[in-house]
Structures are given as structure tokens and as C-alpha cells.
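protein_15.tsv (TSV, C-alpha atoms and all ligand atoms)
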chain	number	residue	atom	x	y	z
T	1148	MET	CA	133.42	85.92	80.10
T	1149	SER	CA	131.87	82.65	79.15
T	1150	THR	CA	133.44	79.32	78.36
T	1151	LEU	CA	133.09	78.12	74.80
T	1152	VAL	CA	130.67	75.19	74.44
T	1153	LYS	CA	130.73	72.85	71.48
T	1154	ILE	CA	128.06	70.19	71.09
T	1155	CYS	CA	129.30	67.60	68.61
T	1156	GLY	CA	127.86	64.72	66.63
T	1157	LEU	CA	124.56	66.39	65.79
T	1158	SER	CA	122.70	64.40	63.17
T	1159	THR	CA	119.04	65.30	63.63
T	1160	GLN	CA	116.96	68.44	63.64
T	1161	ASP	CA	115.79	67.82	67.19
T	1162	GLY	CA	119.30	67.51	68.61
T	1163	LEU	CA	120.48	70.52	66.66
T	1164	ASP	CA	117.54	72.65	67.81
T	1165	ALA	CA	118.31	71.74	71.42
T	1166	ALA	CA	121.98	72.70	71.06
T	1167	LEU	CA	121.09	76.00	69.42
T	1168	GLY	CA	118.21	76.73	71.76
T	1169	TYR	CA	120.27	76.21	74.89
T	1170	GLY	CA	123.05	78.43	73.53
T	1171	ALA	CA	125.89	76.26	72.18
T	1172	ASP	CA	128.65	78.39	70.65
T	1173	MET	CA	129.77	75.69	68.21
T	1174	VAL	CA	127.86	72.77	66.71
T	1175	GLY	CA	129.76	69.82	65.27
T	1176	PHE	CA	128.86	67.49	62.40
T	1177	VAL	CA	130.73	64.24	61.89
T	1178	PHE	CA	131.78	63.14	58.41
T	1179	PHE	CA	133.30	59.76	59.19
T	1180	ASP	CA	131.35	56.76	57.99
T	1181	ARG	CA	132.52	54.51	60.85
T	1182	SER	CA	130.76	56.80	63.33
T	1183	PRO	CA	127.14	56.33	64.43
T	1184	ARG	CA	126.92	60.13	64.16
T	1185	HIS	CA	127.99	60.31	60.53
T	1186	VAL	CA	125.81	62.66	58.48
T	1187	SER	CA	125.16	62.40	54.77
T	1188	LEU	CA	125.87	65.38	52.53
T	1189	GLU	CA	122.14	65.93	52.12
T	1190	MET	CA	121.50	65.96	55.87
T	1191	ALA	CA	124.52	68.21	56.44
T	1192	ALA	CA	123.13	70.73	53.98
T	1193	ARG	CA	119.72	70.69	55.67
T	1194	LEU	CA	121.09	70.98	59.20
T	1195	GLY	CA	123.72	73.53	58.19
T	1196	GLU	CA	121.09	75.81	56.74
T	1197	ARG	CA	119.12	75.58	59.98
T	1198	VAL	CA	122.10	76.81	62.01
T	1199	GLY	CA	122.33	80.11	60.16
T	1200	SER	CA	124.33	82.56	62.25
T	1201	ARG	CA	123.20	81.16	65.62
T	1202	ALA	CA	126.41	79.19	66.19
T	1203	ARG	CA	129.66	78.28	64.47
T	1204	LYS	CA	129.44	75.13	62.37
T	1205	VAL	CA	132.29	72.67	62.75
T	1206	LEU	CA	133.01	69.98	60.17
T	1207	LEU	CA	134.68	66.96	61.83
T	1208	THR	CA	136.67	64.61	59.61
T	1209	VAL	CA	139.25	61.86	60.10
T	1210	ASN	CA	142.13	61.73	57.59
T	1211	ALA	CA	139.81	62.93	54.83
T	1212	ASP	CA	141.17	63.50	51.32
T	1213	ASP	CA	140.68	66.78	49.45
T	1214	ALA	CA	137.73	65.55	47.40
T	1215	SER	CA	135.78	64.41	50.48
T	1216	LEU	CA	136.61	67.63	52.29
T	1217	ALA	CA	135.48	69.72	49.34
T	1218	ALA	CA	132.16	67.87	49.13
T	1219	ALA	CA	131.49	68.13	52.86
T	1220	ILE	CA	132.44	71.82	52.96
T	1221	ALA	CA	130.16	72.55	50.01
T	1222	ALA	CA	127.27	70.83	51.80
T	1223	LEU	CA	127.71	72.20	55.31
T	1224	ASP	CA	129.40	75.58	54.71
T	1225	PRO	CA	131.30	75.37	58.03
T	1226	GLN	CA	133.26	78.09	59.81
T	1227	TRP	CA	135.70	75.54	61.30
T	1228	LEU	CA	137.32	72.23	60.39
T	1229	GLN	CA	138.02	69.70	63.16
T	1230	LEU	CA	140.70	67.19	62.15
T	1231	HIS	CA	140.48	64.14	64.39
T	1232	GLY	CA	142.83	61.72	62.67
T	1233	SER	CA	146.57	61.44	62.16
T	1234	GLU	CA	146.88	64.57	60.04
T	1235	THR	CA	150.40	66.05	60.08
T	1236	PRO	CA	151.23	69.76	60.45
T	1237	GLU	CA	152.02	69.80	56.72
T	1238	ARG	CA	148.60	68.35	55.90
T	1239	ILE	CA	146.95	70.91	58.19
T	1240	ALA	CA	148.79	73.74	56.43
T	1241	ALA	CA	147.73	72.37	53.04
T	1242	ILE	CA	144.09	72.08	54.11
T	1243	ARG	CA	144.08	75.62	55.50
T	1244	ALA	CA	145.57	76.93	52.27
T	1245	SER	CA	143.22	74.98	49.99
T	1246	PHE	CA	139.97	75.63	51.82
T	1247	GLY	CA	140.58	78.92	53.61
T	1248	LEU	CA	139.10	77.72	56.88
T	1249	PRO	CA	140.56	77.65	60.40
T	1250	VAL	CA	141.53	74.24	61.73
T	1251	MET	CA	141.03	72.69	65.14
T	1252	LYS	CA	143.42	69.74	65.61
T	1253	ALA	CA	142.55	66.94	68.03
T	1254	ILE	CA	145.38	65.56	70.18
T	1255	GLY	CA	144.84	62.24	71.95
T	1256	VAL	CA	146.07	62.34	75.54
T	1257	GLY	CA	146.96	59.29	77.61
T	1258	ASP	CA	149.99	60.51	79.53
T	1259	ALA	CA	152.25	63.54	79.86
T	1260	ALA	CA	154.39	62.52	76.87
T	1261	ASP	CA	151.43	63.09	74.56
T	1262	LEU	CA	151.54	66.78	75.36
T	1263	ALA	CA	154.73	67.08	73.31
T	1264	GLN	CA	152.38	67.19	70.33
T	1265	ILE	CA	151.34	70.70	71.32
T	1266	ARG	CA	154.63	72.07	69.96
T	1267	PHE	CA	154.12	70.00	66.85
T	1268	PHE	CA	150.69	71.42	66.02
T	1269	GLU	CA	150.37	74.85	67.60
T	1270	ALA	CA	152.12	76.66	64.74
T	1271	THR	CA	149.74	75.46	62.05
T	1272	ALA	CA	146.45	74.74	63.83
T	1273	ASP	CA	144.20	77.64	64.87
T	1274	MET	CA	142.85	75.80	67.89
T	1275	LEU	CA	143.75	72.58	69.69
T	1276	LEU	CA	141.42	70.00	71.19
T	1277	PHE	CA	142.58	67.58	73.88
T	1278	ASP	CA	140.65	64.32	73.82
T	1279	ALA	CA	141.20	60.92	75.42
T	1280	LYS	CA	143.06	58.35	73.36
T	1281	PRO	CA	140.50	55.84	72.05
T	1282	PRO	CA	140.07	52.65	74.10
T	1283	GLN	CA	141.54	49.53	72.47
T	1284	GLY	CA	139.21	48.13	69.86
T	1285	ALA	CA	137.20	51.33	69.51
T	1286	GLY	CA	136.24	51.75	65.89
T	1287	ARG	CA	136.80	55.50	65.91
T	1288	PRO	CA	139.44	57.91	67.23
T	1289	GLY	CA	136.95	59.97	69.25
T	1290	GLY	CA	133.36	60.10	70.36
T	1291	ASN	CA	133.86	57.13	72.68
T	1292	GLY	CA	132.82	58.80	75.93
T	1293	ALA	CA	136.29	58.03	77.31
T	1294	GLY	CA	137.97	60.45	79.68
T	1295	PHE	CA	141.57	61.00	80.76
T	1296	ASP	CA	143.48	62.51	83.68
T	1297	TRP	CA	142.70	66.23	83.44
T	1298	SER	CA	145.49	67.10	85.85
T	1299	LEU	CA	147.87	66.46	82.93
T	1300	LEU	CA	146.57	69.70	81.47
T	1301	SER	CA	146.96	71.87	84.54
T	1302	ALA	CA	150.35	73.20	83.43
T	1303	VAL	CA	149.68	73.30	79.72
T	1304	GLU	CA	151.10	76.30	77.90
T	1305	ALA	CA	149.81	76.45	74.35
T	1306	LYS	CA	150.12	79.34	71.95
T	1307	LYS	CA	146.64	78.60	70.66
T	1308	PRO	CA	143.29	78.35	72.46
T	1309	TRP	CA	142.18	74.85	73.26
T	1310	LEU	CA	139.09	72.82	74.03
T	1311	LEU	CA	138.79	69.93	76.46
T	1312	ALA	CA	136.90	66.82	75.27
T	1313	GLY	CA	136.54	63.17	76.16
T	1314	GLY	CA	133.90	61.68	78.42
T	1315	LEU	CA	132.49	65.00	79.58
T	1316	ASP	CA	128.92	65.27	80.83
T	1317	ALA	CA	126.80	67.51	83.04
T	1318	GLY	CA	128.02	65.67	86.13
T	1319	ASN	CA	131.75	66.18	85.60
T	1320	VAL	CA	132.17	69.27	83.44
T	1321	ALA	CA	132.35	71.71	86.36
T	1322	ALA	CA	135.20	69.70	87.90
T	1323	ALA	CA	136.90	69.43	84.51
T	1324	LEU	CA	136.80	73.20	84.07
T	1325	SER	CA	138.00	73.92	87.57
T	1326	GLN	CA	140.97	71.56	87.14
T	1327	THR	CA	142.01	72.82	83.73
T	1328	ARG	CA	142.32	76.17	82.02
T	1329	ALA	CA	140.34	75.15	78.98
T	1330	HIS	CA	139.02	77.92	76.79
T	1331	GLY	CA	136.04	75.68	76.11
T	1332	VAL	CA	134.57	72.20	76.24
T	1333	ASP	CA	133.39	69.77	73.58
T	1334	VAL	CA	130.91	66.95	74.22
T	1335	SER	CA	129.19	64.23	72.25
T	1336	SER	CA	128.50	60.96	74.15
T	1337	GLY	CA	127.73	62.74	77.42
T	1338	VAL	CA	124.67	64.44	75.97
T	1339	GLU	CA	123.18	61.28	74.45
T	1340	SER	CA	120.53	58.83	75.68
T	1341	SER	CA	122.11	56.03	73.63
T	1342	VAL	CA	125.04	56.01	71.21
T	1343	GLY	CA	124.40	58.57	68.50
T	1344	VAL	CA	121.05	59.77	69.90
T	1345	LYS	CA	121.19	63.28	71.35
T	1346	ASP	CA	119.10	64.02	74.45
T	1347	ARG	CA	117.58	67.50	74.85
T	1348	ASP	CA	117.61	67.41	78.65
T	1349	LYS	CA	121.26	66.33	78.77
T	1350	ILE	CA	122.24	69.08	76.37
T	1351	ALA	CA	120.37	71.61	78.52
T	1352	ALA	CA	121.97	70.33	81.73
T	1353	PHE	CA	125.46	70.30	80.21
T	1354	ILE	CA	125.28	73.87	78.93
T	1355	ALA	CA	123.72	75.09	82.18
T	1356	GLN	CA	126.59	73.53	84.17
T	1357	VAL	CA	129.20	75.18	81.99
T	1358	ARG	CA	127.51	78.57	82.22
T	1359	ALA	CA	127.31	78.21	86.02
T	1360	THR	CA	131.02	77.42	86.36
T	1361	PRO	CA	133.31	80.41	86.85
T	1362	ARG	CA	135.89	80.70	84.15
T	1363	CYS	CA	139.53	79.91	85.11
T	1364	ASN	CA	141.08	82.48	87.40
T	1365	GLY	CA	139.30	85.56	86.16
T	1366	ALA	CA	141.83	88.34	85.77
T	1367	LYS	CA	144.70	86.01	84.94
T	1368	PHE	CA	143.07	85.00	81.68
T	1369	GLY	CA	140.80	87.95	81.06
T	1370	ARG	CA	142.77	89.81	78.41
T	1371	GLU	CA	144.00	86.67	76.73
T	1372	ASP	CA	140.48	85.27	76.55
T	1373	GLN	CA	139.11	88.49	75.15
T	1374	ALA	CA	141.67	88.44	72.36
T	1375	VAL	CA	140.89	84.81	71.61
T	1376	ASP	CA	137.15	85.42	71.57
T	1377	GLU	CA	137.58	88.28	69.15
T	1378	LYS	CA	139.82	86.22	66.89
T	1379	LEU	CA	137.32	83.38	66.84
T	1380	GLY	CA	134.41	85.71	66.22
T	1381	LEU	CA	132.89	84.75	69.55
T	1382	ALA	CA	132.97	88.18	71.17
T	1383	ARG	CA	129.18	88.29	70.96
T	1384	ARG	CA	129.04	85.72	73.74
T	1385	ARG	CA	131.13	87.64	76.21
T	1386	VAL	CA	129.33	88.48	79.44
G	1401	LIG	O1	131.66	61.57	67.65
G	1401	LIG	C1	132.22	60.75	66.92
G	1401	LIG	O2	131.61	59.75	66.52
G	1401	LIG	C2	133.64	60.96	66.52
G	1401	LIG	C3	134.16	60.15	65.51
G	1401	LIG	C4	135.47	60.29	65.11
G	1401	LIG	C5	136.28	61.25	65.71
G	1401	LIG	C6	135.78	62.06	66.72
G	1401	LIG	C7	134.46	61.94	67.14
G	1401	LIG	N1	133.94	62.74	68.16
G	1401	LIG	C8	134.70	63.68	68.94
G	1401	LIG	O3	135.35	63.02	70.01
G	1401	LIG	C9	135.49	63.90	71.12
G	1401	LIG	C10	135.02	63.24	72.40
G	1401	LIG	O4	133.71	62.82	72.33
G	1401	LIG	P1	132.92	62.22	73.60
G	1401	LIG	O5	132.24	63.39	74.26
G	1401	LIG	O6	133.89	61.55	74.48
G	1401	LIG	O7	131.92	61.28	73.00
G	1401	LIG	C11	134.70	65.15	70.76
G	1401	LIG	O8	135.63	66.11	70.30
G	1401	LIG	C12	133.84	64.73	69.60
G	1401	LIG	O9	133.69	65.84	68.76
Represent the structure of the file as C-alpha cells.
Amino acid sequence: MSTLVKICGLSTQDGLDAALGYGADMVGFVFFDRSPRHVSLEMAARLGERVGSRARKVLLTVNADDASLAAAIAALDPQWLQLHGSETPERIAAIRASFGLPVMKAIGVGDAADLAQIRFFEATADMLLFDAKPPQGAGRPGGNGAGFDWSLLSAVEAKKPWLLAGGLDAGNVAAALSQTRAHGVDVSSGVESSVGVKDRDKIAAFIAQVRATPRCNGAKFGREDQAVDEKLGLARRRV
């Protein structure tokens, strides 16, 4: 059973082709104009069409209003929404109802107290994503290449599958997976040669490391993972 890999912040054809070619399960596109990875509606439409059925498209937004969401969804035609701002459970429920798409909610983690948010979001979100809290002065809530103490997640019990993000790269992702029970990993900065510029070799190395890392504790999570994969439409990637 393979670990879910999401490559985020794709804004060019070359980066996207690398992510798809090396077998990413999910590809993320940022609609947040304070990000160096922000894509225009026109570019989103072009890149989205290129993805086809090779991976799941994820639309990342930060506290977006309905009109912006509608425009971005029309352009990209995503299978998932990633909400990376201060969206409440009520807002998540409203977005799910309005747009009919599953939602991945990002939770910023700095210390154990932040994990209380799991109970807050797990009823309405379809998937959770644990990311580092942004460093002070960062102009965006994610995509900063900042990590956090993964041991905080070792005892996490969430009713929904979850991804680990924040400062991951090919050099640390194996350790991150062995210390956590993440269903998958999400990376942006760690597969770039400079901020916002994706690097084919880093994408290849990252995905190869994940594929070479045994998943959790095998039998303990086998059935649960299978159910999750089927729910997410990722069963095709099971090995
Ligand atoms: O990538 C961005 O620019 C971004 C902007 C606003 C919110 C989230 C963003 N990226 C997400 O942040 C995490 C961690 O990224 P990194 O690997 O540490 O750079 C990841 O989920 C990205 O999708």
C-alpha cells in the first residue's frame, strides 16, 4: 500500500509534467495572490486540462469568498479543495454544500495544544493536513518550507485521513513518515530550486524516497488505509 504524495504549488507545465511523470497522486494549484506560486485562471485551465485523469487536482485557497472559489473551480475543475486559511467548520460545511467537492483543511501545528483543532474540523472536513505554523512575518500561511516537531503527531487519533506538510524534502521525508502515521505527504518548497520554481530532480527524488519508505506498521493500518484509499478514489495506486 503506497503513501499518498501531493506535490503542491505547481505553476508551470514543466513542473506539472515532472510531478505527473514521477507518479504524484495529487497535484496542487495555489490561488492566493500573495503567494509566488499563485496561478491565474487562464494558467489553471491550461494546466488542469493537462492533468486529465493522471492525478487528483487540488485547488488551494486562503479564506476565499464564494465568487473567487467559483471562478477558480470553473477554471481548474479540481477533485479537491484545500482550505489553508482561518475557515471555520461552518464555512467548510457551506463550501462543501455549495460546490459539491471534498475539503482538505489545513491545521497549523506549533505545539500539542494546536491538535485540539482536530476535534473542531474532523466532522466537516474530508481530510486534514498538518502544516507548520507560519514563521513570524511570513506573508502566507503555508508554503514557507517551515517544519515542526513531528513527534507531536505520533499519538494523533483523527477520524479522517490526514497529510503531513511543512518543510518536507527528499532528505527528511523518510524520517517524517517513520515518526508519524501520515496517510500521505504534501510538499512545495522542498521540491524547488528557488522560491516558486519547481525542480524536476527534486520532485523525482522526493517521490522516490516516499515510495521506498515502508508505510506505517503494515497490518495495523492495512484495512483502514484500504477503506480510505477507496473513499478517496486512490485505490488504483495500491500496491
Ligand atoms: O505554497 C504556497 O505558496 C502556499 C500559500 C498559502 C497557503 C499554503 C501554501 N502552501 C502549502 O503549504 C504547505 C507546506 O508547504 P512547504 O512544503 O513547507 O513549502 C503545503 O501544504 C503547501 O500546499
* So which residues touch T:Lys1153 within 7 Å, counting all atoms listed in the file, skipping near sequence neighbours fewer than 3 positions away, as a ChimeraX atom specification? -> /T:1171-1175,1332-1334
Pull C-alpha atoms from the residues just selected and write them as a JSON list (two decimals), keeping the file's coordinate frame.
[["chain", "number", "residue", "atom", "x", "y", "z"],
["T", 1171, "ALA", "CA", 125.89, 76.26, 72.18],
["T", 1172, "ASP", "CA", 128.65, 78.39, 70.65],
["T", 1173, "MET", "CA", 129.77, 75.69, 68.21],
["T", 1174, "VAL", "CA", 127.86, 72.77, 66.71],
["T", 1175, "GLY", "CA", 129.76, 69.82, 65.27],
["T", 1332, "VAL", "CA", 134.57, 72.20, 76.24],
["T", 1333, "ASP", "CA", 133.39, 69.77, 73.58],
["T", 1334, "VAL", "CA", 130.91, 66.95, 74.22]]
* Could you name the residues that touch T:Tyr1169 at 12 Å or less, counting all atoms listed in the file, but leaving out those on the same chain fewer than 4 positions away, as a list in words? ->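 Within the cut-off, the hits are Val1152, Lys1153, Ile1154, Gly1162, Leu1163, Asp1164, Ala1165, Met1173, Val1174, Arg1201, Ala1202, Arg1347, Asp1348, Lys1349, Ile1350, Ala1351, Ala1352, Phe1353, Ile1354, Ala1355, Gln1356, Val1357 and Arg1358 of chain T.
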* To do: May I have the residues within 8 Å of ligand LIG 1401 (chain G), computed using all atoms listed in the file, as an MDAnalysis selection string?
  => chainID T and resid 1154:1156 1175 1177 1179 1181:1185 1207:1209 1231:1232 1253 1276:1279 1287:1294 1311:1316 1333:1338 1343
Selection to disk with C-alpha atoms, as a short mmCIF file (atom, residue, chain, number, x, y, z; two decimals), keeping the file's coordinate frame:
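Contents of again_27.cif, freshly written:
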data_model
loop_
_atom_site.label_atom_id
_atom_site.label_comp_id
_atom_site.auth_asym_id
_atom_site.auth_seq_id
_atom_site.Cartn_x
_atom_site.Cartn_y
_atom_site.Cartn_z
CA ILE T 1154 128.06 70.19 71.09
CA CYS T 1155 129.30 67.60 68.61
CA GLY T 1156 127.86 64.72 66.63
CA GLY T 1175 129.76 69.82 65.27
CA VAL T 1177 130.73 64.24 61.89
CA PHE T 1179 133.30 59.76 59.19
CA ARG T 1181 132.52 54.51 60.85
CA SER T 1182 130.76 56.80 63.33
CA PRO T 1183 127.14 56.33 64.43
CA ARG T 1184 126.92 60.13 64.16
CA HIS T 1185 127.99 60.31 60.53
CA LEU T 1207 134.68 66.96 61.83
CA THR T 1208 136.67 64.61 59.61
CA VAL T 1209 139.25 61.86 60.10
CA HIS T 1231 140.48 64.14 64.39
CA GLY T 1232 142.83 61.72 62.67
CA ALA T 1253 142.55 66.94 68.03
CA LEU T 1276 141.42 70.00 71.19
CA PHE T 1277 142.58 67.58 73.88
CA ASP T 1278 140.65 64.32 73.82
CA ALA T 1279 141.20 60.92 75.42
CA ARG T 1287 136.80 55.50 65.91
CA PRO T 1288 139.44 57.91 67.23
CA GLY T 1289 136.95 59.97 69.25
CA GLY T 1290 133.36 60.10 70.36
CA ASN T 1291 133.86 57.13 72.68
CA GLY T 1292 132.82 58.80 75.93
CA ALA T 1293 136.29 58.03 77.31
CA GLY T 1294 137.97 60.45 79.68
CA LEU T 1311 138.79 69.93 76.46
CA ALA T 1312 136.90 66.82 75.27
CA GLY T 1313 136.54 63.17 76.16
CA GLY T 1314 133.90 61.68 78.42
CA LEU T 1315 132.49 65.00 79.58
CA ASP T 1316 128.92 65.27 80.83
CA ASP T 1333 133.39 69.77 73.58
CA VAL T 1334 130.91 66.95 74.22
CA SER T 1335 129.19 64.23 72.25
CA SER T 1336 128.50 60.96 74.15
CA GLY T 1337 127.73 62.74 77.42
CA VAL T 1338 124.67 64.44 75.97
CA GLY T 1343 124.40 58.57 68.50
#
Selection: 8 Å around T:Arg1328, all atoms listed in the file, excl. self and same-chain fewer than 2 positions, as a PDB file with C-alpha atoms, keeping the file's coordinate frame:
ATOM      1  CA  LEU T1300     146.570  69.700  81.470  1.00  0.00           C
ATOM      2  CA  SER T1301     146.960  71.870  84.540  1.00  0.00           C
ATOM      3  CA  LEU T1324     136.800  73.200  84.070  1.00  0.00           C
ATOM      4  CA  SER T1325     138.000  73.920  87.570  1.00  0.00           C
ATOM      5  CA  GLN T1326     140.970  71.560  87.140  1.00  0.00           C
ATOM      6  CA  HIS T1330     139.020  77.920  76.790  1.00  0.00           C
ATOM      7  CA  CYS T1363     139.530  79.910  85.110  1.00  0.00           C
TER       8      CYS T1363
END
* Would you mind reading off the distance between atom CA of T:Phe1268 and atom CA of T:Pro1236, one decimal, in Å? => 5.8 Å
* Compute the distance from (141.3, 73.3, 65.5) to each atom, counting only C-alpha atoms, keep the residues with any atom at most 9 Å away, and return them as a PyMOL selection string; use the coordinates of the file. => chain T and resi 1227-1230+1249-1253+1272-1276+1308-1310
* How many Å separate atom CA of T:Glu1234 from atom CA of T:Arg1266? ->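 Distance between the two atoms: 14.7 Å.
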* **Two-atom distance - atom CA of T:Lys1280, atom CA of T:Gln1264 (Å)** =>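 So the two atoms, atom CA of T:Lys1280 and atom CA of T:Gln1264, lie 13.2 Å apart.
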* Contact residues around T:Leu1194 with all atoms listed in the file at 9 Å, ignoring same-chain residues under 5 positions, as a list in words ->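 Using all atoms listed in the file, the neighbours found are Leu1157, Ser1158, Thr1159, Gln1160, Leu1163, Glu1189 and Leu1223 of chain T.
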Go ahead and dump the residues you just picked, C-alpha atoms, as a compact mmCIF listing (two decimals), keeping the file's coordinate frame.
# COMPACT_ATOMS: atom_id res chain seq x y z
CA LEU T 1157 124.56 66.39 65.79
CA SER T 1158 122.70 64.40 63.17
CA THR T 1159 119.04 65.30 63.63
CA GLN T 1160 116.96 68.44 63.64
CA LEU T 1163 120.48 70.52 66.66
CA GLU T 1189 122.14 65.93 52.12
CA LEU T 1223 127.71 72.20 55.31
